[in-house]
Every structure is written in C-alpha cells, then in structure tokens.
file entry.cif (mmCIF, C-alpha atoms)
data_data
loop_
_atom_site.label_atom_id
_atom_site.label_comp_id
_atom_site.auth_asym_id
_atom_site.auth_seq_id
_atom_site.Cartn_x
_atom_site.Cartn_y
_atom_site.Cartn_z
CA MET A 1 -67.20 -34.21 -14.72
CA SER A 2 -64.52 -32.21 -16.52
CA GLU A 3 -64.01 -32.29 -20.28
CA ILE A 4 -61.34 -30.98 -22.64
CA ARG A 5 -62.48 -28.67 -25.42
CA ARG A 6 -60.71 -26.80 -28.20
CA MET A 7 -60.54 -23.04 -27.56
CA HIS A 8 -60.74 -20.91 -30.70
CA ILE A 9 -58.66 -18.04 -29.37
CA LYS A 10 -57.76 -16.76 -32.83
CA ARG A 11 -61.36 -16.73 -34.01
CA TYR A 12 -63.46 -15.61 -31.04
CA ARG A 13 -62.55 -12.55 -29.01
CA ASP A 14 -64.41 -13.72 -25.89
CA GLU A 15 -62.50 -17.03 -25.80
CA TYR A 16 -59.22 -15.19 -26.34
CA GLU A 17 -59.94 -12.81 -23.46
CA GLN A 18 -61.01 -15.71 -21.22
CA TRP A 19 -57.74 -17.51 -22.01
CA VAL A 20 -55.55 -14.44 -21.41
CA SER A 21 -57.33 -13.67 -18.13
CA PHE A 22 -56.90 -17.26 -16.92
CA LEU A 23 -53.18 -17.23 -17.70
CA ASN A 24 -52.74 -13.84 -16.03
CA ASP A 25 -54.38 -15.19 -12.86
CA ALA A 26 -51.74 -17.93 -12.90
CA ASN A 27 -48.96 -15.30 -13.29
CA ILE A 28 -48.31 -16.46 -16.85
CA ARG A 29 -48.17 -14.17 -19.85
CA HIS A 30 -50.04 -15.32 -22.92
CA GLU A 31 -48.11 -16.18 -26.07
CA ASP A 32 -49.83 -15.89 -29.43
CA ASN A 33 -47.34 -18.10 -31.30
CA VAL A 34 -49.41 -21.28 -30.84
CA ASP A 35 -51.16 -23.63 -33.26
CA TYR A 36 -53.89 -24.99 -30.97
CA THR A 37 -55.23 -24.16 -27.52
CA TYR A 38 -57.34 -26.42 -25.33
CA GLY A 39 -59.18 -25.91 -22.07
CA VAL A 40 -60.31 -28.26 -19.34
CA PHE A 41 -63.83 -27.24 -18.36
CA GLU A 42 -66.21 -28.12 -15.57
CA GLY A 43 -69.44 -27.05 -17.13
CA ASP A 44 -68.68 -23.58 -18.49
CA THR A 45 -65.86 -22.97 -16.01
CA LEU A 46 -62.29 -23.07 -17.33
CA ILE A 47 -60.10 -24.91 -14.83
CA ALA A 48 -56.96 -25.56 -16.89
CA THR A 49 -55.48 -24.71 -20.27
CA GLY A 50 -52.59 -25.71 -22.51
CA SER A 51 -51.42 -24.90 -26.02
CA ILE A 52 -49.37 -26.57 -28.74
CA TYR A 53 -46.90 -25.10 -31.20
CA GLN A 54 -45.70 -27.85 -33.55
CA ASN A 55 -44.41 -30.42 -31.00
CA ILE A 56 -43.89 -27.99 -28.11
CA LEU A 57 -46.34 -27.68 -25.21
CA LYS A 58 -46.93 -24.06 -24.14
CA CYS A 59 -48.99 -21.81 -21.89
CA ILE A 60 -49.95 -24.54 -19.44
CA ALA A 61 -51.88 -23.41 -16.36
CA VAL A 62 -54.18 -25.06 -13.82
CA CYS A 63 -56.59 -23.34 -11.44
CA LYS A 64 -55.19 -23.45 -7.88
CA LYS A 65 -58.22 -25.38 -6.66
CA TYR A 66 -57.31 -28.24 -9.01
CA THR A 67 -53.53 -28.39 -8.59
CA GLY A 68 -52.21 -31.59 -7.08
CA GLY A 69 -55.05 -33.63 -8.56
CA GLY A 70 -55.47 -35.36 -11.88
CA THR A 71 -56.34 -32.27 -13.91
CA LEU A 72 -52.78 -31.54 -15.02
CA ASN A 73 -52.15 -35.18 -15.90
CA GLN A 74 -55.41 -35.25 -17.88
CA LEU A 75 -54.44 -32.11 -19.79
CA ILE A 76 -50.81 -33.05 -20.53
CA SER A 77 -51.76 -36.57 -21.63
CA PHE A 78 -54.32 -35.09 -24.02
CA LEU A 79 -51.84 -32.56 -25.44
CA MET A 80 -49.18 -35.23 -25.93
CA ASN A 81 -51.63 -37.40 -27.85
CA GLU A 82 -52.54 -34.43 -30.05
CA VAL A 83 -48.85 -33.86 -30.87
CA LEU A 84 -48.34 -37.54 -31.67
CA ASP A 85 -51.51 -37.61 -33.79
CA ASN A 86 -50.04 -34.73 -35.80
CA GLY A 87 -47.17 -36.98 -36.85
CA TYR A 88 -44.45 -36.02 -34.36
CA THR A 89 -42.55 -38.61 -32.34
CA ASN A 90 -41.05 -36.18 -29.80
CA VAL A 91 -42.82 -33.83 -27.39
CA TYR A 92 -41.06 -30.90 -25.69
CA VAL A 93 -41.92 -28.57 -22.86
CA TYR A 94 -40.24 -25.56 -21.23
CA THR A 95 -41.45 -25.00 -17.71
CA LYS A 96 -40.73 -23.64 -14.23
CA PRO A 97 -38.55 -25.76 -11.95
CA SER A 98 -41.52 -26.14 -9.60
CA ALA A 99 -43.45 -28.06 -12.29
CA VAL A 100 -40.67 -30.47 -13.27
CA GLU A 101 -41.76 -33.41 -11.12
CA SER A 102 -45.26 -33.35 -12.61
CA PHE A 103 -43.81 -33.74 -16.08
CA LYS A 104 -41.30 -36.39 -15.01
CA TYR A 105 -44.21 -38.36 -13.57
CA LEU A 106 -45.68 -38.39 -17.07
CA GLY A 107 -42.46 -39.74 -18.58
CA PHE A 108 -40.63 -36.55 -19.55
CA LYS A 109 -36.86 -36.43 -19.23
CA GLN A 110 -34.93 -33.29 -18.29
CA ILE A 111 -32.42 -32.13 -20.91
CA ALA A 112 -31.16 -28.86 -19.39
CA ALA A 113 -32.01 -26.17 -16.84
CA VAL A 114 -31.26 -22.48 -16.41
CA GLY A 115 -31.05 -21.78 -12.68
CA GLU A 116 -34.43 -21.02 -11.15
CA ASP A 117 -35.83 -19.69 -14.42
CA LEU A 118 -36.42 -22.61 -16.76
CA VAL A 119 -36.21 -26.36 -17.34
CA PHE A 120 -36.32 -27.98 -20.79
CA LEU A 121 -37.77 -31.50 -20.95
CA GLU A 122 -38.67 -33.99 -23.64
CA LYS A 123 -40.65 -37.16 -24.08
CA ALA A 124 -39.21 -38.76 -27.16
CA MET A 125 -38.99 -42.04 -29.00
CA ASN A 126 -35.51 -41.00 -30.16
CA GLY A 127 -34.40 -38.21 -27.83
CA PHE A 128 -31.30 -36.21 -27.01
CA ASP A 129 -29.17 -39.28 -26.25
CA ARG A 130 -30.08 -40.73 -29.63
CA TYR A 131 -29.23 -37.42 -31.33
CA LEU A 132 -25.78 -37.48 -29.73
CA GLU A 133 -25.28 -41.05 -30.89
CA ARG A 134 -26.27 -40.02 -34.41
CA ILE A 135 -23.71 -37.21 -34.72
CA GLU A 136 -20.87 -38.86 -32.78
CA PRO A 137 -19.50 -40.79 -35.81
CA TYR A 138 -18.48 -37.39 -37.27
CA ARG A 139 -16.25 -36.64 -34.26
CA LYS A 140 -12.59 -35.91 -34.99
CA GLU A 141 -10.10 -37.34 -32.52
CA THR A 142 -7.12 -35.23 -33.56
CA GLY A 143 -6.65 -31.54 -34.23
CA VAL A 144 -8.80 -28.61 -33.12
CA SER A 145 -12.53 -28.95 -33.77
CA ALA A 146 -14.71 -25.85 -33.95
CA ALA A 147 -18.42 -25.20 -34.40
CA ILE A 148 -20.75 -22.65 -35.94
CA VAL A 149 -24.50 -22.67 -35.32
CA MET A 150 -26.58 -20.89 -37.93
CA ASN A 151 -30.12 -20.59 -39.22
CA ALA A 152 -29.03 -19.45 -42.71
CA ASN A 153 -32.36 -18.01 -43.79
CA PRO A 154 -30.94 -17.99 -46.47
CA PHE A 155 -27.20 -18.76 -46.63
CA THR A 156 -25.31 -15.55 -47.46
CA LYS A 157 -21.77 -14.44 -48.23
CA GLY A 158 -21.66 -13.37 -44.60
CA HIS A 159 -22.27 -16.94 -43.45
CA GLN A 160 -19.73 -18.16 -45.98
CA TYR A 161 -17.15 -15.67 -44.70
CA LEU A 162 -17.66 -16.85 -41.11
CA VAL A 163 -17.19 -20.47 -42.17
CA GLU A 164 -14.09 -19.58 -44.18
CA TYR A 165 -12.61 -17.72 -41.20
CA ALA A 166 -13.26 -20.72 -38.94
CA THR A 167 -11.60 -23.11 -41.40
CA MET A 168 -8.42 -21.04 -41.16
CA HIS A 169 -8.41 -21.17 -37.34
CA ALA A 170 -9.38 -24.80 -36.73
CA ASP A 171 -8.59 -28.18 -38.20
CA HIS A 172 -12.24 -29.24 -38.41
CA VAL A 173 -15.39 -27.10 -38.52
CA PHE A 174 -18.85 -28.41 -37.76
CA VAL A 175 -21.64 -26.19 -39.09
CA PHE A 176 -24.89 -26.90 -37.25
CA VAL A 177 -28.00 -25.73 -39.15
CA LEU A 178 -31.16 -25.13 -37.14
CA SER A 179 -33.60 -27.93 -37.86
CA GLU A 180 -36.83 -26.24 -36.81
CA ASP A 181 -39.20 -24.99 -39.49
CA ALA A 182 -39.91 -21.50 -38.13
CA SER A 183 -38.26 -19.56 -40.93
CA THR A 184 -39.04 -18.20 -44.38
CA PHE A 185 -36.80 -20.80 -46.01
CA PRO A 186 -37.67 -24.42 -45.07
CA ALA A 187 -35.16 -26.37 -42.99
CA SER A 188 -34.34 -28.79 -45.82
CA VAL A 189 -33.61 -25.90 -48.19
CA ARG A 190 -31.48 -24.04 -45.64
CA ARG A 191 -29.36 -27.09 -44.94
CA ASP A 192 -28.95 -27.81 -48.66
CA LEU A 193 -27.82 -24.23 -49.32
CA VAL A 194 -25.29 -24.43 -46.48
CA GLU A 195 -23.91 -27.73 -47.81
CA LYS A 196 -23.58 -26.35 -51.34
CA GLY A 197 -22.15 -23.05 -50.14
CA THR A 198 -19.45 -24.75 -48.05
CA ALA A 199 -18.67 -27.74 -50.31
CA HIS A 200 -15.36 -26.21 -51.38
CA PHE A 201 -14.02 -26.30 -47.81
CA ALA A 202 -12.41 -29.69 -47.24
CA ASN A 203 -12.55 -29.49 -43.45
CA VAL A 204 -16.24 -28.58 -43.02
CA THR A 205 -19.02 -30.96 -41.95
CA VAL A 206 -22.65 -29.79 -41.99
CA LEU A 207 -24.97 -31.24 -39.36
CA ASP A 208 -28.47 -30.50 -38.14
CA THR A 209 -29.36 -29.38 -34.60
CA GLY A 210 -32.31 -31.72 -34.14
CA ASN A 211 -34.76 -30.11 -31.73
CA TYR A 212 -32.04 -29.03 -29.34
CA MET A 213 -31.19 -25.49 -30.38
CA VAL A 214 -34.13 -23.19 -30.87
CA SER A 215 -34.83 -19.78 -32.28
CA ASN A 216 -36.71 -16.95 -30.66
CA GLN A 217 -39.66 -17.98 -32.83
CA THR A 218 -40.25 -21.11 -30.77
CA PHE A 219 -38.54 -20.28 -27.49
CA PRO A 220 -41.35 -19.62 -24.98
CA SER A 221 -41.04 -16.82 -22.45
CA TYR A 222 -44.57 -16.73 -21.08
CA PHE A 223 -43.65 -18.01 -17.62
CA LEU A 224 -40.44 -16.01 -17.11
CA LYS A 225 -40.45 -13.11 -14.71
CA GLU A 226 -40.80 -9.68 -16.28
CA ASP A 227 -37.31 -8.63 -15.15
CA VAL A 228 -35.61 -11.68 -16.66
CA SER A 229 -33.83 -11.20 -19.97
CA VAL A 230 -35.45 -13.72 -22.31
CA THR A 231 -32.49 -13.48 -24.68
CA ALA A 232 -30.02 -14.28 -21.90
CA VAL A 233 -32.08 -17.23 -20.69
CA GLN A 234 -32.41 -18.64 -24.21
CA ALA A 235 -28.67 -18.20 -24.84
CA THR A 236 -27.83 -19.86 -21.53
CA LEU A 237 -30.08 -22.81 -22.35
CA ASP A 238 -28.61 -23.14 -25.86
CA ALA A 239 -25.08 -22.94 -24.47
CA THR A 240 -25.80 -25.52 -21.77
CA ILE A 241 -27.14 -27.97 -24.34
CA PHE A 242 -24.32 -27.15 -26.75
CA LYS A 243 -21.70 -28.02 -24.12
CA ASN A 244 -23.04 -31.58 -24.10
CA ILE A 245 -22.82 -31.67 -27.88
CA ALA A 246 -19.31 -30.20 -27.79
CA THR A 247 -18.13 -32.85 -25.32
CA VAL A 248 -19.33 -35.63 -27.61
CA MET A 249 -17.86 -33.96 -30.72
CA ASN A 250 -14.52 -32.90 -29.14
CA ILE A 251 -15.29 -29.23 -29.96
CA THR A 252 -13.17 -26.60 -28.22
CA LYS A 253 -14.01 -23.49 -30.26
CA ARG A 254 -17.22 -21.81 -31.35
CA PHE A 255 -17.41 -18.98 -33.87
CA VAL A 256 -20.18 -16.39 -33.96
CA GLY A 257 -20.70 -13.21 -35.92
CA GLU A 258 -20.62 -9.83 -34.26
CA GLU A 259 -23.84 -7.82 -34.55
CA PRO A 260 -23.08 -4.11 -34.10
CA TYR A 261 -26.73 -3.02 -34.42
CA SER A 262 -28.45 -5.64 -32.27
CA GLU A 263 -28.45 -5.38 -28.48
CA ALA A 264 -30.17 -8.78 -28.29
CA THR A 265 -27.35 -10.44 -30.22
CA ALA A 266 -24.77 -8.79 -27.97
CA ILE A 267 -26.61 -10.12 -24.90
CA TYR A 268 -26.82 -13.55 -26.54
CA ASN A 269 -23.08 -13.63 -27.26
CA GLN A 270 -22.24 -12.51 -23.71
CA ALA A 271 -24.39 -15.28 -22.25
CA LEU A 272 -22.79 -17.84 -24.56
CA GLN A 273 -19.35 -16.72 -23.49
CA SER A 274 -20.13 -16.95 -19.78
CA VAL A 275 -21.40 -20.53 -20.11
CA LEU A 276 -18.99 -21.95 -22.69
CA GLU A 277 -15.66 -20.67 -21.45
CA PRO A 278 -13.09 -21.75 -20.47
CA GLU A 279 -13.80 -25.21 -21.90
CA ILE A 280 -14.98 -23.81 -25.23
CA HIS A 281 -13.49 -20.57 -26.51
CA LEU A 282 -16.03 -18.22 -28.09
CA ASN A 283 -14.65 -16.30 -31.07
CA ILE A 284 -16.74 -13.25 -32.01
CA ILE A 285 -15.90 -12.24 -35.58
CA PRO A 286 -16.70 -8.86 -37.19
CA ARG A 287 -19.42 -9.21 -39.80
CA LYS A 288 -18.57 -9.00 -43.50
CA GLU A 289 -19.83 -5.80 -45.14
CA ILE A 290 -20.89 -4.85 -48.63
CA THR A 291 -22.12 -1.51 -49.99
CA GLY A 292 -21.43 0.06 -46.61
CA ASP A 293 -23.54 -2.29 -44.49
CA VAL A 294 -23.20 -5.74 -42.94
CA ILE A 295 -24.43 -8.73 -44.90
CA SER A 296 -27.40 -10.37 -43.23
CA ALA A 297 -30.09 -12.86 -44.16
CA SER A 298 -32.76 -10.30 -43.27
CA ARG A 299 -31.18 -7.88 -45.74
CA VAL A 300 -31.41 -10.56 -48.43
CA ARG A 301 -35.08 -11.23 -47.65
CA LYS A 302 -35.82 -7.51 -47.76
CA ALA A 303 -34.11 -7.24 -51.15
CA LEU A 304 -36.13 -10.21 -52.41
CA PHE A 305 -39.31 -8.56 -51.19
CA GLU A 306 -38.37 -5.37 -53.03
CA ASN A 307 -37.31 -7.34 -56.15
CA ASP A 308 -33.78 -5.94 -55.93
CA LEU A 309 -32.07 -8.94 -57.50
CA GLU A 310 -28.91 -6.96 -58.21
CA LEU A 311 -28.39 -6.47 -54.47
CA VAL A 312 -29.35 -10.09 -53.74
CA GLN A 313 -26.65 -11.28 -56.13
CA LYS A 314 -24.08 -9.20 -54.24
CA LEU A 315 -25.18 -10.61 -50.86
CA VAL A 316 -25.36 -14.34 -51.54
CA PRO A 317 -22.98 -16.92 -53.03
CA THR A 318 -23.68 -18.32 -56.48
CA THR A 319 -25.11 -21.53 -55.00
CA THR A 320 -27.80 -19.60 -53.12
CA TYR A 321 -28.55 -17.31 -56.07
CA ASP A 322 -28.93 -20.30 -58.39
CA TYR A 323 -31.54 -21.74 -56.03
CA LEU A 324 -33.39 -18.43 -55.86
CA MET A 325 -33.58 -18.34 -59.65
CA SER A 326 -34.85 -21.94 -59.82
CA GLU A 327 -38.53 -22.82 -60.06
CA ASP A 328 -38.71 -23.69 -56.34
CA GLY A 329 -36.84 -20.53 -55.45
CA GLN A 330 -39.15 -18.37 -57.55
CA THR A 331 -42.17 -19.90 -55.83
CA LEU A 332 -40.71 -19.03 -52.44
CA ILE A 333 -39.84 -15.49 -53.55
CA SER A 334 -43.43 -15.06 -54.73
CA GLU A 335 -44.64 -16.12 -51.29
CA ILE A 336 -42.30 -13.60 -49.66
CA ARG A 337 -43.62 -10.79 -51.86
CA ASN A 338 -47.26 -11.75 -51.40
CA GLY A 339 -47.00 -12.14 -47.63
CA GLY A 340 -44.63 -9.39 -46.64
CA THR A 341 -44.60 -10.30 -42.96
CA SER A 342 -42.43 -13.32 -43.75
CA ILE A 343 -39.44 -11.08 -44.41
CA GLY A 344 -39.21 -10.51 -40.67
CA LYS A 345 -38.69 -14.13 -39.80
CA ILE A 346 -35.29 -15.24 -38.58
#

call {"tool": "encode", "arguments": {"input": "entry.cif", "output": "structure tokens"}}
result
Amino acid sequence: MSEIRRMHIKRYRDEYEQWVSFLNDANIRHEDNVDYTYGVFEGDTLIATGSIYQNILKCIAVCKKYTGGGTLNQLISFLMNEVLDNGYTNVYVYTKPSAVESFKYLGFKQIAAVGEDLVFLEKAMNGFDRYLERIEPYRKETGVSAAIVMNANPFTKGHQYLVEYATMHADHVFVFVLSEDASTFPASVRRDLVEKGTAHFANVTVLDTGNYMVSNQTFPSYFLKEDVSVTAVQATLDATIFKNIATVMNITKRFVGEEPYSEATAIYNQALQSVLEPEIHLNIIPRKEITGDVISASRVRKALFENDLELVQKLVPTTTYDYLMSEDGQTLISEIRNGGTSIGKI
C-alpha cells in the first residue's frame, strides 16, 4: 500500500539527494525554488514525487513501473488539496504535452501551449475566462490602445518614462503590473506605486496580470530540454497569453524597454515580437539614463542596500521616494539591508 509523505529536501541531505536522483532518472532537472515536496512511497521506495511553489505544481515525476495507474492521480489530488488548504483557489501546472491528458482528466483546463515544449494549465474557481471578464469593462472601443507589462520592483523614473512615451504614441495605455508575490516589494505595494506614479497621465489605466504573466522566479524550466532557451519559451508563453488579453482589450501596440546589457531581455523581446506581430506592434524603447547608466529597479534596490538615498532620489519619482521614506518603506528597506540576497530579486 502506497502512502504520501513530506520530503524534507531542504533539511536532510539524504532526502535531497534521493529526490534529485529520482527526478534525473525521469529526465527532469530538479528546481530548488519550491515550498514543499512530497513523495509517494511503497515502504521505503520512492515511486513518485511532486512539489509546490505557492499555487504552482512543480517537479512532478512518476516511476515508469507506476505510470498509467492511479499513482499520478493520487499524487496530483493530494498536491491540489494542499494548495487549497493553504488558502488558494486556483492551482496551476506547467508540463510536457505528453502529460496534458492526465491533468485534463483531473479537471485542469489548458490556457496556452508552446509547441512541443510546454503546456500551461489551471484548475480554478475563477480562472482565465473570469479574469478576461473582469478586465473587459476597461476596454476602449475607439482610438489606439497600447499596453505595458511591468513588475516595477519598485516603480522608477525609467518605468515612468516608458509610460509617458506610450501615452504620446497611443490614445489609451494599459499598464499591467505583475500580480505574483515573488519580488522584494509586495504586489500590492508595487501596484500602488505604479498607480501613484502614473496618476498624472489622463489616458493610463493600471491593471493587474492575475496569475497569467509570470516572472522567471516562478516560471519552471525543470522539464525543458537542455538545448531549449528557457527565456524564449517563457516569452513565447507570455506573448501567447497576452494575445488573448489584447484581443479582449482591443490592444494593438505593446511597449517594452530596451536592455543593452542583458542578453536574456534581448531574447525575450525577440520572442515577443515573433509572436505578437503583425497583429500587435512591439515598440522597443531605449532606456532612460541618469548619471551615465540606465535606470533600473535593480539599481534602486542596490542603492537602498548601500544606503545611497541620494542616488535613490535621482532614480525614482517623488511618489516612490515618499513611500520609501514612510514607516512601511523603512521597514522594507531594513529587510533589504539585513537580507542582502533580496536585492537580486526581479
């Protein structure tokens, strides 16, 4: 009789090595960005494993001897219940095309696919269709509608410049702020800073992305082939999903910032362009510079870590700086300085 047990891969080296070895045997690379990992055991023998990061299922593998039976269903059902017990109402999974039917059997719905590399599915009380219904009332029927997708961790003068540029080249601009909490600045704070930093533009509407545009913090790559560009696959998935959003919102332009020092961003922008055009024109705008370098959120976080408030004030609009000087902002800055690894987050 098989049973599901918690695997303490971050605490015990032997369990970690057992987990990595099992995934490798299934041609899956392990991914350490997980909250919980569980194994299905027959006695002391691991026959299946799956992990959870927030409400995303990851690193799912079943021993060949047990594929086609009830082991996968047992594991996925358990993981879904764990996600729901943690307070989420939606469950997401990225998987190989060959595994799609197994997830559909358990009630998952396909949102988008990237060729033979990846399929994104959800099981949700209020899913992608509901998200589209929620944002559709903001649609503009006349004029040119454009979009910007940003994380804004935090909102900088660079972000503000990009928004300003878009407002001069479109009648309406929708700024989508990533909803996931995988950043130094919480999602609610990031959205608030974007709203305050763009309030003086009459033709800007700030919206959230729901769970439908993800960062490289949560995008799983463990099952992709070694020769596949993870950045390109993620960009292609984001662009595919965004096209559905754009259709609903009557969006025909998307603005992104150029990143002269990042090969990954260049790959991302190229992939976006290949998927979006010709229906949606991608406008790549040179980044705003100050003191001889481009303005970036990572530069702001680094300056905060180094307590260089003079530079921070040059890099962010007054609305962001006011937040940073507030009690909540000072608490967050203290966390950044005490846990320096957070400055590397998106």

call {"tool": "resolve_selection", "arguments": {"input": "entry.cif", "expression": "the PyMOL selection byres ((chain A and resi 250) around 7)", "output": "list in words"}}
result
Arg139, Lys140, Ser145, Ala246, Thr247, Val248, Met249, Ile251 and Thr252 of chain A

call {"tool": "resolve_selection", "arguments": {"input": "entry.cif", "expression": "the PyMOL selection byres ((chain A and resi 89) around 9)", "output": "VMD selection string"}}
result
chain A and resid 55 83 to 84 87 to 88 90 to 91 123 to 126

call {"tool": "write_last_selection", "arguments": {"input": "entry.cif", "atoms": "C-alpha atoms", "output": "short mmCIF file (atom, residue, chain, number, x, y, z; two decimals), keeping the file's coordinate frame"}}
result
data_model
loop_
_atom_site.label_atom_id
_atom_site.label_comp_id
_atom_site.auth_asym_id
_atom_site.auth_seq_id
_atom_site.Cartn_x
_atom_site.Cartn_y
_atom_site.Cartn_z
CA ASN A 55 -44.41 -30.42 -31.00
CA VAL A 83 -48.85 -33.86 -30.87
CA LEU A 84 -48.34 -37.54 -31.67
CA GLY A 87 -47.17 -36.98 -36.85
CA TYR A 88 -44.45 -36.02 -34.36
CA ASN A 90 -41.05 -36.18 -29.80
CA VAL A 91 -42.82 -33.83 -27.39
CA LYS A 123 -40.65 -37.16 -24.08
CA ALA A 124 -39.21 -38.76 -27.16
CA MET A 125 -38.99 -42.04 -29.00
CA ASN A 126 -35.51 -41.00 -30.16
#

call {"tool": "residues_around", "arguments": {"input": "entry.cif", "residues": "A:Leu57", "least_positions_apart": "2", "cutoff": "9 Å", "atoms": "only C-alpha atoms", "output": "PyMOL selection string"}}
result
chain A and resi 50-55+59-60+76+79-80+83+91-94

call {"tool": "resolve_selection", "arguments": {"input": "entry.cif", "expression": "the PyMOL selection byres ((chain A and resi 120) around 12)", "output": "number ranges by chain"}}
result
A: 56-58, 91-97, 99-100, 103-104, 108-115, 117-119, 121-123, 128, 211-214, 219-220, 233-234, 236-238, 240-241

call {"tool": "residues_near_point", "arguments": {"input": "entry.cif", "point": "(-28.3, -28.8, -38.9)", "cutoff": "9 Å", "atoms": "only C-alpha atoms", "output": "list in words"}}
result
Val149, Met150, Asn151, Val175, Phe176, Val177, Leu178, Ser179, Ala187, Arg190, Arg191, Val206, Leu207, Asp208, Thr209 and Gly210 of chain A

call {"tool": "residues_around", "arguments": {"input": "entry.cif", "residues": "stretch 162-167 of chain A", "least_positions_apart": "3", "cutoff": "9 Å", "atoms": "only C-alpha atoms", "output": "list in words"}}
result
Ala146, Ala147, Ile148, Lys157, Gly158, His159, Ala170, Asp171, His172, Val173, Val175, Thr198, Phe201, Ala202, Asn203, Val204, Arg254, Phe255, Val256, Gly257, Ile285, Pro286, Arg287 and Lys288 of chain A

call {"tool": "atom_distance", "arguments": {"input": "entry.cif", "atom1": "atom CA of A:Glu310", "atom2": "atom CA of A:Asn153"}}
result
18.5 Å

call {"tool": "closest_residue", "arguments": {"input": "entry.cif", "among": "A:Leu276, A:His281, A:Phe185, A:Thr265", "to": "A:His169", "atoms": "only C-alpha atoms"}}
result
A:His281

call {"tool": "closest_residue", "arguments": {"input": "entry.cif", "among": "A:Leu332, A:Asp181, A:Glu279, A:Tyr138", "to": "A:Phe305", "atoms": "only C-alpha atoms"}}
result
A:Leu332

call {"tool": "atom_distance", "arguments": {"input": "entry.cif", "atom1": "atom CA of A:Asn283", "atom2": "atom CA of A:Leu315"}}
result
23.1 Å

call {"tool": "axis_aligned_box", "arguments": {"input": "entry.cif", "around": "stretch 196-206 of chain A", "padding_each_side": "4 Å", "output": "lines of an AutoDock Vina configuration file"}}
result
center_x = -18.0
center_y = -27.0
center_z = -46.7
size_x = 19.2
size_y = 15.9
size_z = 17.4

call {"tool": "closest_residue", "arguments": {"input": "entry.cif", "among": "A:Arg5, A:Lys243, A:Arg337, A:His30", "to": "A:Leu75", "atoms": "all atoms listed in the file"}}
result
A:Arg5

call {"tool": "atom_distance", "arguments": {"input": "entry.cif", "atom1": "atom CA of A:Ser183", "atom2": "atom CA of A:Leu282"}}
result
25.7 Å

call {"tool": "closest_residue", "arguments": {"input": "entry.cif", "among": "A:Ala199, A:Ile284, A:Ile4, A:Leu46", "to": "A:Phe78", "atoms": "only C-alpha atoms"}}
result
A:Ile4

call {"tool": "closest_residue", "arguments": {"input": "entry.cif", "among": "A:Val300, A:Thr319, A:Lys253, A:Gln160", "to": "A:Pro278", "atoms": "only C-alpha atoms"}}
result
A:Lys253

call {"tool": "residues_around", "arguments": {"input": "entry.cif", "residues": "A:Ile47", "least_positions_apart": "4", "cutoff": "9 Å", "atoms": "all atoms listed in the file", "output": "JSON, numbers by chain"}}
result
{"A": [2, 22, 39, 40, 41, 42, 61, 62, 63, 64, 65, 66, 71]}

call {"tool": "residues_around", "arguments": {"input": "entry.cif", "residues": "stretch 17-20 of chain A", "least_positions_apart": "3", "cutoff": "8 Å", "atoms": "all atoms listed in the file", "output": "VMD selection string"}}
result
chain A and resid 9 13 to 14 23 to 24 29 to 30 49

call {"tool": "write_last_selection", "arguments": {"input": "entry.cif", "atoms": "C-alpha atoms", "output": "compact mmCIF listing (two decimals), in the frame of the given file"}}
result
# COMPACT_ATOMS: atom_id res chain seq x y z
CA ILE A 9 -58.66 -18.04 -29.37
CA ARG A 13 -62.55 -12.55 -29.01
CA ASP A 14 -64.41 -13.72 -25.89
CA LEU A 23 -53.18 -17.23 -17.70
CA ASN A 24 -52.74 -13.84 -16.03
CA ARG A 29 -48.17 -14.17 -19.85
CA HIS A 30 -50.04 -15.32 -22.92
CA THR A 49 -55.48 -24.71 -20.27
